[in-house]
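J.: Structure in structure tokens, see below.
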Amino acid sequence: MADTLKVPTMAEMFAAGEKPEVLFWVGCAGSFDDRAKKITKAFVKILNKANISFAVLGTEESCTGDPAKRAGNEFLFQMQAVTNIEVMNAYEIKKIVTTCPHCFNTIKNEYPGLGGTYEVVHHTQFLKQLLEEGRITMEGGTFKGKRITFHDPCYLGRANGVYEAPRELIRKLDAELVEMKSCKQRGLCCGAGGAQMFKEPEKGNKDVNIERTEQALETTPHIIAAGCPFCNTMMTDGVKNKEKEGEIAVMDIAELIAKAEDL
Amino acid sequence: MQYIPNILFVAILIVGIGYFAKNIGKLRRNILLGKDTEVSDDKPTRWRNMLRIAFGQSKMVVRPVAGLLHVIVYVGFIIINIEVLEIVIDGIFGTHRIFEGLGPVYDFLIASFEILALLVIIAVIAFWVRRNIIKLQRFLKPEMKGWPKKDGNLILYIELVLMLLFLTMNAADFRLQQLGAEHYVQAGSFPVSQYISNWFTGMDISSLILLERTAWWLHIVGILFFLNYLYFSKHLHILLAFPNTFYGKLGPKGKFQNLEAVTKEVKLMLDPNADPFAAPADTGDVPSKFGASDVMDLSWVQLLNAYTCTECGRCTSECPANQTGKKLSPRKIMMDTRDRLEEVGKILDANKGEFKEDGKQLLDDYITREELWACTSCNACVEACPVSIDPLSIIMDMRQYLVMEQSAAPSDLNNMMGNIENNGAPWPFNQMDRLNWSTES
Ligand code: HEM
Ligand code: SF4
Ligand code: SF4
């Protein structure tokens, strides 16, 4: 393991009269969920190694309001949104990167109407850009020849049309990208969106994550790659349910890259 | 006496078109029961969407078999309707094959109508087989029982009969032309019906004329019947697909509308300079109700969506909730919305245009809460719909009603929202611990 993470906050930077190139929006899952925290750290390691000037809001960050809005509570959503926007506008934030497609979608699409207009990118887009600019390099050794299937997060893919950035990165790892029978525009949801993550599913004959995991397993992958902390949890549970956790890892794209770089 | 057919024809035409116009008026009135919504933006993109998705059938061909069959029926039907123009003129003025003067062009036209008619017959039979013999999953969901199933087959029967009448008419005409019958000018080229006409070889001129006239009349009456059938059927899509793709959602699918009335309230609450004891702001346009519990609470575009739905079930077959056995079916959401809207329309008809409460609403009486809460907001239904319908927006509006008007969210969601309100996260963690991950090993 590399040494400690450098995670400057906006408050610290502001006090020092500095401005970061980009704000890293960590999100609730990335801050609190044990599995998602690993993704957050992996992403920070990559940023640290490439010497990217970034900052987080830390304790000034609060839920974007996405689950509240999708559950039907427009009032709570807008309270969250306006509060967050006030904080970010005060810091004159221009560009935001986030590892959560829900935060990505909400800030990018729903905040502008409430006074918060920023350039918002998902971490896979950001990493792809860094790679193209030569600010990070990737060597494929670790994953050479490994079969990796990518599960499209609904709020990254269909909701915002980002399909290629994560796939580009997987290919750059020299891995063999294998597609599930429904992918990209027709990708099947993991079952967590629309606030489902926080409630029991309705009665049915199967859980959505199991259905999706079965589709993933059909590709006989070594790794199921995800780009969303919620999808990650759902797929991890699915793989456990199928008792395949010994053979198949569920990993975020950021984790794949961090691992390839031995960070 | 000799004008009786013309008079009869004009009368039928007036009744047929008149009744259709009356129903279109109703359709318009019902759709406009919906709330106003902003759709006047970015006209160029809207035109392009209509051209590409409706006219160009671009999303139909995502499923190649159904797509190809449909393109045949669609193109066939539109082009064969040029022939209807001739039939109408002939009918009014008592002429026969009035466009015959076009010569070789006419031959070409008739020939292509015939070939298309044959293709349409083949496609319609294939559609029927998919519904009734192969029994495709998406045509067999619970919401397809009863009328929707009958409707689906009826359309196919009507189209089949119309095409057969068209070809029979031509076949008899061809035979009469060969026999040099009076009035039957030598015109047209009959690549398909000449084979049918072989069956008529033994018939004399008067029975051939009877056959030709019968087919001619049944064909045009059939077309008028079909026109009037549309309003009661999912076949309304052949007209509404065009405006519906024009008014369909633009921009990223993940972008949901923000409620303006809420914004005002929120800004006021968070404004440190606002007087907390001031009378509630006279913003004037605070809606009487948040979200939707009945069709009048939806926007007119959502209601147009409901009338446009082809009941094809592409949405439902892509829906993760439906695939895993939940009650939710986005197609049913659209069908329920249309059924309820029709019911409301009937109340208006019965009460001189005024709405009287009937003790029913879209929520609970048509769409259950169990369906609404099963949605993952994944947008698969929106992506799948070949006519730009957005079932998800109706689900979200109804959830909004449940939560903001009734506080009737499932208890787990209430906990989640309570957490966001108190700690700024959907879980019970303290906001002050938000950066702890950076120092944990
Ligand atoms: C204007 C002439 C049109 C005609 C005569 C026509 C005819 C038909 C017929 C006969 C069916 C039933 C197929 C079945 O049994 O499964 C059908 C279904 C359908 N039509 Fe059309 N249609 C027309 C226009 C359009 C347009 C402009 C669109 C827009 C893209 C459209 C979209 C659909 C869809 C989505 C279905 C459901 C069938 C499936 O997915 O397989 N139609 N149409
Ligand atoms: S958005 Fe909701 S209704 Fe539509 S496909 Fe996804 S889960 Fe089903
Ligand atoms: S909403 Fe669209 S996809 Fe669903 S049944 Fe209706 S027309 Fe088909």
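Every chain in the structure tokens takes a letter, A first, then B, and so on in the order presented; its residues are numbered from 1, and the ligands are numbered from 1 following the presented order.
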Quick one: residues within 10 Å of ligand 3, with only C-alpha atoms and all ligand atoms, as a PyMOL selection string?

T.: chain B and resi 60+138-139+234+237+241+305-319+329-335+380-392

J.: Could you pull out the alpha helix (DSSP H) residues of segment 6-193 of chain A from DSSP and send them as JSON, numbers by chain?

T.: {"A": [10, 11, 12, 13, 14, 15, 27, 28, 29, 30, 31, 32, 34, 35, 36, 37, 38, 39, 40, 41, 42, 43, 44, 45, 46, 47, 48, 49, 66, 67, 68, 69, 70, 71, 74, 75, 76, 77, 78, 79, 80, 81, 82, 83, 84, 85, 86, 87, 88, 89, 90, 101, 102, 103, 104, 105, 123, 124, 125, 126, 127, 128, 129, 130, 131, 132, 164, 165, 166, 167, 168, 169, 170, 171, 172]}

J.: Up to 7 Å from chain B, what residues of chain A turn up? Count only C-alpha atoms and give them as a ChimeraX atom specification.

T.: /A:5,7,28,31-32,37,58-59,62-63,68,70-73,75,78-79,105,109-110,154-155,158-160,186,188-189,191-194,196,198-199,201-208

J.: Write out as a CSV table (one decimal) with N, CA and C atoms, in the first residue's frame the residues lying within 7 Å of segment 15-23 of chain B, counting only C-alpha atoms and excluding same-chain residues fewer than 3 positions away.

T.:
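Result saved to result-v8.csv:
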```
chain,number,residue,atom,x,y,z
B,11,ALA,N,-72.7,10.9,-49.4
B,11,ALA,CA,-73.3,10.8,-48.1
B,11,ALA,C,-72.4,10.0,-47.2
B,12,ILE,N,-72.0,8.9,-47.7
B,12,ILE,CA,-71.1,8.0,-46.8
B,12,ILE,C,-69.8,8.7,-46.4
B,26,LYS,N,-62.9,15.4,-29.8
B,26,LYS,CA,-62.9,14.9,-28.4
B,26,LYS,C,-61.5,14.6,-27.9
B,27,LEU,N,-60.7,14.0,-28.9
B,27,LEU,CA,-59.3,13.6,-28.6
B,27,LEU,C,-58.5,14.9,-28.1
B,224,LEU,N,-63.2,3.9,-44.6
B,224,LEU,CA,-63.8,4.9,-43.7
B,224,LEU,C,-64.1,4.3,-42.4
B,227,LEU,N,-60.8,4.3,-40.5
B,227,LEU,CA,-60.5,5.6,-40.1
B,227,LEU,C,-61.2,5.9,-38.7
B,228,ASN,N,-62.5,5.5,-38.7
B,228,ASN,CA,-63.2,5.8,-37.4
B,228,ASN,C,-62.9,4.8,-36.3
B,231,TYR,N,-59.8,5.9,-33.4
B,231,TYR,CA,-60.0,6.6,-32.1
B,231,TYR,C,-60.1,5.6,-30.9
```

J.: With only C-alpha atoms and all ligand atoms as the basis for distance, which of B:Val65, B:Ala54, B:Ile394, B:Leu119 is at the shortest distance from ligand 1?

T.: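 The closest residue to ligand 1 is B:Ala54.
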
J.: Please provide as a ChimeraX atom specification all residues within 8 Å of Glu179 of chain A, with the sequence filter that same-chain residues fewer than 5 positions apart are discarded (counting only C-alpha atoms).

T.: /A:149-150,219

J.: Can I get the selection written as a PDB file, in the first residue's frame, with all heavy atoms?

T.:
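Written file, selection_22.pdb:
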```
ATOM      1  N   THR A 149     -16.108  -7.822 -17.980  1.00  0.00           N
ATOM      2  CA  THR A 149     -17.365  -7.342 -18.557  1.00  0.00           C
ATOM      3  C   THR A 149     -17.758  -6.078 -17.816  1.00  0.00           C
ATOM      4  O   THR A 149     -17.539  -5.957 -16.613  1.00  0.00           O
ATOM      5  CB  THR A 149     -18.467  -8.418 -18.484  1.00  0.00           C
ATOM      6  OG1 THR A 149     -19.585  -7.973 -19.245  1.00  0.00           O
ATOM      7  CG2 THR A 149     -18.921  -8.703 -17.058  1.00  0.00           C
ATOM      8  N   PHE A 150     -18.310  -5.110 -18.559  1.00  0.00           N
ATOM      9  CA  PHE A 150     -18.656  -3.839 -17.930  1.00  0.00           C
ATOM     10  C   PHE A 150     -20.166  -3.710 -17.786  1.00  0.00           C
ATOM     11  O   PHE A 150     -20.908  -3.866 -18.750  1.00  0.00           O
ATOM     12  CB  PHE A 150     -18.116  -2.661 -18.751  1.00  0.00           C
ATOM     13  CG  PHE A 150     -18.454  -1.319 -18.146  1.00  0.00           C
ATOM     14  CD1 PHE A 150     -17.887  -0.930 -16.936  1.00  0.00           C
ATOM     15  CD2 PHE A 150     -19.360  -0.465 -18.763  1.00  0.00           C
ATOM     16  CE1 PHE A 150     -18.215   0.290 -16.353  1.00  0.00           C
ATOM     17  CE2 PHE A 150     -19.691   0.760 -18.183  1.00  0.00           C
ATOM     18  CZ  PHE A 150     -19.113   1.140 -16.977  1.00  0.00           C
ATOM     19  N   THR A 219     -21.075 -14.339 -19.423  1.00  0.00           N
ATOM     20  CA  THR A 219     -19.898 -13.980 -20.209  1.00  0.00           C
ATOM     21  C   THR A 219     -18.634 -14.635 -19.644  1.00  0.00           C
ATOM     22  O   THR A 219     -17.533 -14.362 -20.123  1.00  0.00           O
ATOM     23  CB  THR A 219     -19.676 -12.449 -20.226  1.00  0.00           C
ATOM     24  OG1 THR A 219     -19.317 -12.030 -18.903  1.00  0.00           O
ATOM     25  CG2 THR A 219     -20.915 -11.698 -20.662  1.00  0.00           C
TER      26      THR A 219
END
```

J.: For Leu156 of chain A, which residue out of A:Lys38, A:Thr64, A:Cys231, A:Met180 is the nearest one, using only C-alpha atoms?

T.: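 Among the listed residues, the smallest separation from Leu156 of chain A belongs to A:Cys231.
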
J.: If you count only C-alpha atoms, which residues fall within 12 Å of Tyr74 of chain B, apart from same-chain ones fewer than 2 positions away, as number ranges by chain?

T.: B: 54-57, 60, 66-72, 76-81, 116-117, 119-120, 123-124, 159, 235, 237-239, 241

J.: Write a file of the selected residues as an mmCIF file, in the first residue's frame, keeping N, CA and C atoms.

T.:
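Contents of the output file result27.cif:
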```
data_model
loop_
_atom_site.group_PDB
_atom_site.id
_atom_site.type_symbol
_atom_site.label_atom_id
_atom_site.label_comp_id
_atom_site.auth_asym_id
_atom_site.auth_seq_id
_atom_site.Cartn_x
_atom_site.Cartn_y
_atom_site.Cartn_z
ATOM 1 N N ALA B 54 -40.374 8.901 -36.313
ATOM 2 C CA ALA B 54 -41.691 8.506 -36.828
ATOM 3 C C ALA B 54 -41.619 8.232 -38.322
ATOM 4 N N PHE B 55 -41.237 9.252 -39.073
ATOM 5 C CA PHE B 55 -41.208 9.093 -40.518
ATOM 6 C C PHE B 55 -40.182 8.042 -40.931
ATOM 7 N N GLY B 56 -38.986 8.129 -40.346
ATOM 8 C CA GLY B 56 -37.903 7.217 -40.722
ATOM 9 C C GLY B 56 -37.909 5.909 -39.951
ATOM 10 N N GLN B 57 -38.838 5.753 -38.973
ATOM 11 C CA GLN B 57 -38.999 4.481 -38.255
ATOM 12 C C GLN B 57 -37.699 4.006 -37.592
ATOM 13 N N MET B 60 -37.907 1.598 -34.651
ATOM 14 C CA MET B 60 -38.625 0.349 -34.911
ATOM 15 C C MET B 60 -37.654 -0.769 -35.235
ATOM 16 N N ALA B 66 -39.700 -7.418 -36.333
ATOM 17 C CA ALA B 66 -40.881 -6.570 -36.187
ATOM 18 C C ALA B 66 -40.685 -5.281 -36.977
ATOM 19 N N GLY B 67 -39.464 -4.752 -36.945
ATOM 20 C CA GLY B 67 -39.168 -3.496 -37.621
ATOM 21 C C GLY B 67 -39.387 -3.603 -39.116
ATOM 22 N N LEU B 68 -38.854 -4.640 -39.724
ATOM 23 C CA LEU B 68 -38.981 -4.809 -41.172
ATOM 24 C C LEU B 68 -40.446 -5.009 -41.560
ATOM 25 N N LEU B 69 -41.136 -5.882 -40.814
ATOM 26 C CA LEU B 69 -42.552 -6.116 -41.120
ATOM 27 C C LEU B 69 -43.326 -4.805 -41.037
ATOM 28 N N HIS B 70 -43.012 -4.044 -40.001
ATOM 29 C CA HIS B 70 -43.762 -2.799 -39.828
ATOM 30 C C HIS B 70 -43.454 -1.789 -40.932
ATOM 31 N N VAL B 71 -42.196 -1.711 -41.327
ATOM 32 C CA VAL B 71 -41.847 -0.774 -42.400
ATOM 33 C C VAL B 71 -42.658 -1.105 -43.658
ATOM 34 N N ILE B 72 -42.825 -2.388 -43.924
ATOM 35 C CA ILE B 72 -43.616 -2.784 -45.099
ATOM 36 C C ILE B 72 -45.055 -2.293 -44.967
ATOM 37 N N GLY B 76 -46.381 0.598 -47.279
ATOM 38 C CA GLY B 76 -47.463 0.105 -48.116
ATOM 39 C C GLY B 76 -48.715 0.915 -47.899
ATOM 40 N N PHE B 77 -49.059 1.085 -46.663
ATOM 41 C CA PHE B 77 -50.310 1.755 -46.355
ATOM 42 C C PHE B 77 -50.303 3.202 -46.832
ATOM 43 N N ILE B 78 -49.211 3.900 -46.566
ATOM 44 C CA ILE B 78 -49.155 5.310 -46.972
ATOM 45 C C ILE B 78 -49.271 5.429 -48.491
ATOM 46 N N ILE B 79 -48.522 4.588 -49.205
ATOM 47 C CA ILE B 79 -48.490 4.731 -50.659
ATOM 48 C C ILE B 79 -49.797 4.277 -51.296
ATOM 49 N N ILE B 80 -50.338 3.181 -50.763
ATOM 50 C CA ILE B 80 -51.592 2.700 -51.349
ATOM 51 C C ILE B 80 -52.691 3.743 -51.170
ATOM 52 N N ASN B 81 -52.529 4.591 -50.171
ATOM 53 C CA ASN B 81 -53.555 5.605 -49.956
ATOM 54 C C ASN B 81 -53.605 6.655 -51.057
ATOM 55 N N LEU B 116 -47.035 -3.710 -53.329
ATOM 56 C CA LEU B 116 -47.062 -3.343 -51.914
ATOM 57 C C LEU B 116 -48.212 -4.035 -51.187
ATOM 58 N N ALA B 117 -49.364 -4.099 -51.843
ATOM 59 C CA ALA B 117 -50.510 -4.754 -51.210
ATOM 60 C C ALA B 117 -50.171 -6.206 -50.877
ATOM 61 N N LEU B 119 -47.173 -7.420 -50.359
ATOM 62 C CA LEU B 119 -46.220 -7.413 -49.249
ATOM 63 C C LEU B 119 -46.924 -7.142 -47.918
ATOM 64 N N VAL B 120 -47.873 -6.211 -47.962
ATOM 65 C CA VAL B 120 -48.609 -5.903 -46.728
ATOM 66 C C VAL B 120 -49.349 -7.147 -46.253
ATOM 67 N N ALA B 123 -46.911 -9.361 -44.581
ATOM 68 C CA ALA B 123 -46.476 -8.819 -43.292
ATOM 69 C C ALA B 123 -47.571 -8.961 -42.242
ATOM 70 N N VAL B 124 -48.797 -8.688 -42.653
ATOM 71 C CA VAL B 124 -49.905 -8.768 -41.700
ATOM 72 C C VAL B 124 -50.084 -10.209 -41.216
ATOM 73 N N GLU B 159 -56.857 -4.799 -42.034
ATOM 74 C CA GLU B 159 -55.862 -4.486 -43.080
ATOM 75 C C GLU B 159 -55.828 -5.591 -44.135
ATOM 76 N N HIS B 235 -54.366 1.718 -32.672
ATOM 77 C CA HIS B 235 -53.967 2.094 -34.023
ATOM 78 C C HIS B 235 -53.971 3.597 -34.240
ATOM 79 N N HIS B 237 -51.992 5.334 -33.219
ATOM 80 C CA HIS B 237 -50.584 5.707 -33.362
ATOM 81 C C HIS B 237 -50.218 6.106 -34.785
ATOM 82 N N ILE B 238 -50.977 5.623 -35.772
ATOM 83 C CA ILE B 238 -50.553 5.940 -37.138
ATOM 84 C C ILE B 238 -50.662 7.441 -37.400
ATOM 85 N N LEU B 239 -51.500 8.127 -36.626
ATOM 86 C CA LEU B 239 -51.555 9.589 -36.732
ATOM 87 C C LEU B 239 -50.690 10.242 -35.654
ATOM 88 N N ALA B 241 -48.218 9.224 -33.794
ATOM 89 C CA ALA B 241 -46.770 8.995 -33.700
ATOM 90 C C ALA B 241 -46.013 10.249 -34.151
#
```

J.: Looking at only C-alpha atoms and all ligand atoms, which of B:Ser393, B:Glu354, B:Lys145, B:Val129 is the one that sits closest to ligand 2?

T.: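 Using only C-alpha atoms and all ligand atoms, ligand 2 sits closest to B:Ser393.
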
J.: What separation in Å, quoted to one decimal, exists between atom 20 (N, counted along the ligand's line) of ligand 1 and atom CA of Val84 of chain B?

T.: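 These two atoms are separated by 21.2 Å.
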
J.: Please report, as CSV, each residue of segment 131-210 of chain A lying at most 9 Å from segment 246-256 of chain A, together with the nearest pair of atoms and the separation in Å rounded to one decimal; use only C-alpha atoms, and order rows by chain and ascending residue number.

T.:
```
residue,atom,partner,partner_atom,distance
A:Phe143,CA,A:Leu256,CA,8.5
A:Pro166,CA,A:Ile253,CA,6.9
A:Leu169,CA,A:Ile253,CA,7.6
A:Ile170,CA,A:Ile253,CA,7.5
A:Leu173,CA,A:Leu256,CA,8.3
```

J.: Give me a file of those residues, with N, CA and C atoms, as a compact mmCIF listing (two decimals), in the first residue's frame.

T.:
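As written to disk, out_39.txt reads:
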```txt
# COMPACT_ATOMS: atom_id res chain seq x y z
N PHE A 143 -3.74 -7.08 -15.96
CA PHE A 143 -5.02 -7.60 -16.45
C PHE A 143 -4.92 -8.20 -17.85
N PRO A 166 -15.65 4.34 -20.06
CA PRO A 166 -15.22 3.20 -19.25
C PRO A 166 -14.67 2.06 -20.11
N LEU A 169 -11.11 2.63 -21.20
CA LEU A 169 -10.14 2.39 -20.14
C LEU A 169 -9.88 0.90 -19.96
N ILE A 170 -10.93 0.11 -20.05
CA ILE A 170 -10.75 -1.35 -19.90
C ILE A 170 -9.85 -1.88 -21.02
N LEU A 173 -6.30 -1.36 -20.53
CA LEU A 173 -5.66 -2.25 -19.55
C LEU A 173 -5.21 -3.56 -20.19
```

J.: Hey, can you check how far atom CA of Gly157 of chain A sits from atom CA of Gly227 of chain A?

T.: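 About the pair atom CA of Gly157 of chain A and atom CA of Gly227 of chain A: they are 10.1 Å apart.
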